[in-house]
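Report on the following structure.
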Amino acid sequence: MSVGDRHRLAPGAAQVRDRFSESFFSFLWKRPDIRKRWVPRQRNEPSVREVADQLAFEVADSLRQIIPTDALGPTLRHAVLEDFTTSLRVAERRGGELKGFDLILSLPLAKMLSWFIQHFPTSAQWYIGEIMGEADKQLGIPAQVTGEALRRSATTNGNLDGQAAKEFFSRVVPQETEN
């Protein structure tokens, strides 16, 4: 008997459940070295921990199949540029010049950017490069200013650790050159 009614799940969630159900069954039943651990005398805490760790790894390793990063990256790029456009409008209405600290992301966007950096750093690096290029080309915001605003938002309003943000953005944001 199956646990939980898959028909009570959203279609996408049901697909994820089906994928992992098959994957876990294969792992737990079709591999004799793992299946023998279900014999009561073989079932102990270290053995169960090892199986749990292997199943957790399977989920973590499958994130790209669960989350469409090819859609998430462009969506983040569009949203960041929209938030920056709003920041520019606010600065213009104030009659002042845009300062780097005036560039802010909405709280949900900052959290999503932080999550993207933590879970898909290579993709995030590429899309942040795209954002910096587009912000410069479309909005006249230098790449260093954009990079600093994204780092600040990801750490202040997202949940990216300050040290992790520093390391990540040091690889992404071009350094200013001295003349």
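All residue names refer to the structure tokens as shown: chains lettered A, B, ... in order, residues numbered from 1 in each chain, ligands numbered from 1 in order.
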
Just the alpha helix (DSSP H) stuff from range 14-65 of chain A, please, per backbone DSSP, written as an NGL selection string. :A and (14-29 or 32-35 or 45-61 or 63-65)

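One distance worth recording is that between CA of Leu139 in chain A and CA of Thr122 in chain A, which is 25.1 Å.
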
Write out as a list of chain:residue names each polymer residue whose atoms come within 12 Å of Gln15 in chain A, counting only C-alpha atoms; drop sequence neighbours fewer than 5 positions from it.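 Selected residues are A:Arg6, A:His7, A:Leu9, A:Ala10, A:Phe20, A:Ser21, A:Glu22, A:Gln65, A:Ile66.
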
Can I get the selection written as a compact mmCIF listing (two decimals), in the first residue's frame, with N, CA and C atoms?
# COMPACT_ATOMS: atom_id res chain seq x y z
N ARG A 6 -1.26 10.23 -4.19
CA ARG A 6 -0.57 11.09 -5.16
C ARG A 6 -1.55 12.02 -5.85
N HIS A 7 -2.83 11.67 -5.88
CA HIS A 7 -3.83 12.50 -6.55
C HIS A 7 -4.18 13.76 -5.73
N LEU A 9 -1.83 15.64 -4.63
CA LEU A 9 -0.69 16.52 -4.91
C LEU A 9 -0.92 17.28 -6.21
N ALA A 10 -0.28 18.43 -6.31
CA ALA A 10 -0.28 19.15 -7.58
C ALA A 10 0.42 18.26 -8.61
N PHE A 20 11.00 10.09 -7.23
CA PHE A 20 11.77 9.68 -6.05
C PHE A 20 11.27 8.35 -5.50
N SER A 21 9.99 8.08 -5.61
CA SER A 21 9.48 6.79 -5.17
C SER A 21 10.18 5.67 -5.93
N GLU A 22 10.26 5.81 -7.25
CA GLU A 22 10.92 4.79 -8.08
C GLU A 22 12.42 4.74 -7.76
N GLN A 65 16.55 18.69 -11.77
CA GLN A 65 15.39 18.05 -12.38
C GLN A 65 14.09 18.51 -11.72
N ILE A 66 14.19 19.05 -10.53
CA ILE A 66 13.00 19.51 -9.80
C ILE A 66 12.74 20.98 -10.09

Within 9 Å of Glu97 in chain A, counting only C-alpha atoms, which residues show up once you throw out same-chain ones fewer than 4 positions away? Write them as a list in words, please.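 So, after excluding close chain neighbours, the residues are Leu88, Ala91 and Glu92 of chain A.
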
If you keep C-alpha atoms, can you produce a file of those selected residues as a PDB file, in the first residue's frame?
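Dumped to selection_0.pdb:
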ATOM      1  CA  LEU A  88      15.928  54.747 -10.630  1.00  0.00           C
ATOM      2  CA  ALA A  91      15.747  58.606  -7.264  1.00  0.00           C
ATOM      3  CA  GLU A  92      14.539  60.755 -10.186  1.00  0.00           C
TER       4      GLU A  92
END

Could you name the residues that touch Leu103 in chain A at 7 Å or less, counting only C-alpha atoms, but leaving out those on the same chain fewer than 2 positions away, as a list of chain:residue names? A:Phe84, A:Ser87, A:Gly100, A:Phe101, A:Leu105, A:Ala149

Shell around range 25-42 of chain A at 10 Å using only C-alpha atoms, local window under 4 positions removed, as a short mmCIF file (atom, residue, chain, number, x, y, z; two decimals) with C-alpha atoms, in the first residue's frame:
data_model
loop_
_atom_site.label_atom_id
_atom_site.label_comp_id
_atom_site.auth_asym_id
_atom_site.auth_seq_id
_atom_site.Cartn_x
_atom_site.Cartn_y
_atom_site.Cartn_z
CA PHE A 20 11.77 9.68 -6.05
CA SER A 21 9.48 6.79 -5.17
CA SER A 47 23.25 1.47 8.82
CA VAL A 48 19.99 3.43 8.77
CA GLU A 50 23.96 5.64 5.84
CA VAL A 51 20.80 4.81 3.88
CA GLN A 54 22.28 8.26 0.48
CA LEU A 55 18.58 9.03 -0.07
CA GLU A 58 19.72 11.59 -4.26
#

A straight line from CA of Met132 in chain A to CA of Pro68 in chain A spans 21.9 Å

For a test of reading the model, state the distance in Å between CA of Gln118 in chain A and CA of Ile104 in chain A, rounded to one decimal. 19.7 Å

Shell of 12 Å around Pro121 in chain A, only C-alpha atoms, local chain residues under 6 positions omitted, as a list in words: Thr69, Gly73, Leu113, Ser114, Trp115, Tyr127, Ile128, Leu160, Ala164, Ala165, Glu167, Phe168, Phe169, Arg171 and Val172 of chain A

Nearest to Glu130 in chain A, chosen from A:Val145, A:Val80, A:Ala110, A:Ala52, with only C-alpha atoms counted in the distances: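 Selected residue with least distance to Glu130 in chain A: A:Val80.
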
For Asp83 in chain A, the nearest of the candidates A:Ile117, A:Leu63, A:Val173, A:Ile131, counting only C-alpha atoms: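 That would be A:Ile131, the residue with the smallest distance to Asp83 in chain A.
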
I'd like to know which of A:Trp126, A:Lys111, A:Gln138, A:Gly133 is closest to Asn159 in chain A, using only C-alpha atoms.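 Checking each of A:Trp126, A:Lys111, A:Gln138, A:Gly133 against Asn159 in chain A, counting only C-alpha atoms, the winner is A:Lys111.
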
Select, from A:Gly96, A:Arg89, A:Ser123, A:Ser106, the residue with the minimum atom-to-atom distance to Arg64 in chain A, counting only C-alpha atoms.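 Closest candidate: A:Ser123.
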
Which residue gives the smallest distance to Thr155 in chain A among A:Leu107, A:Ala60, A:Ile67, A:Leu81, with only C-alpha atoms counted?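 Among the listed residues, A:Leu107 lies closest to Thr155 in chain A.
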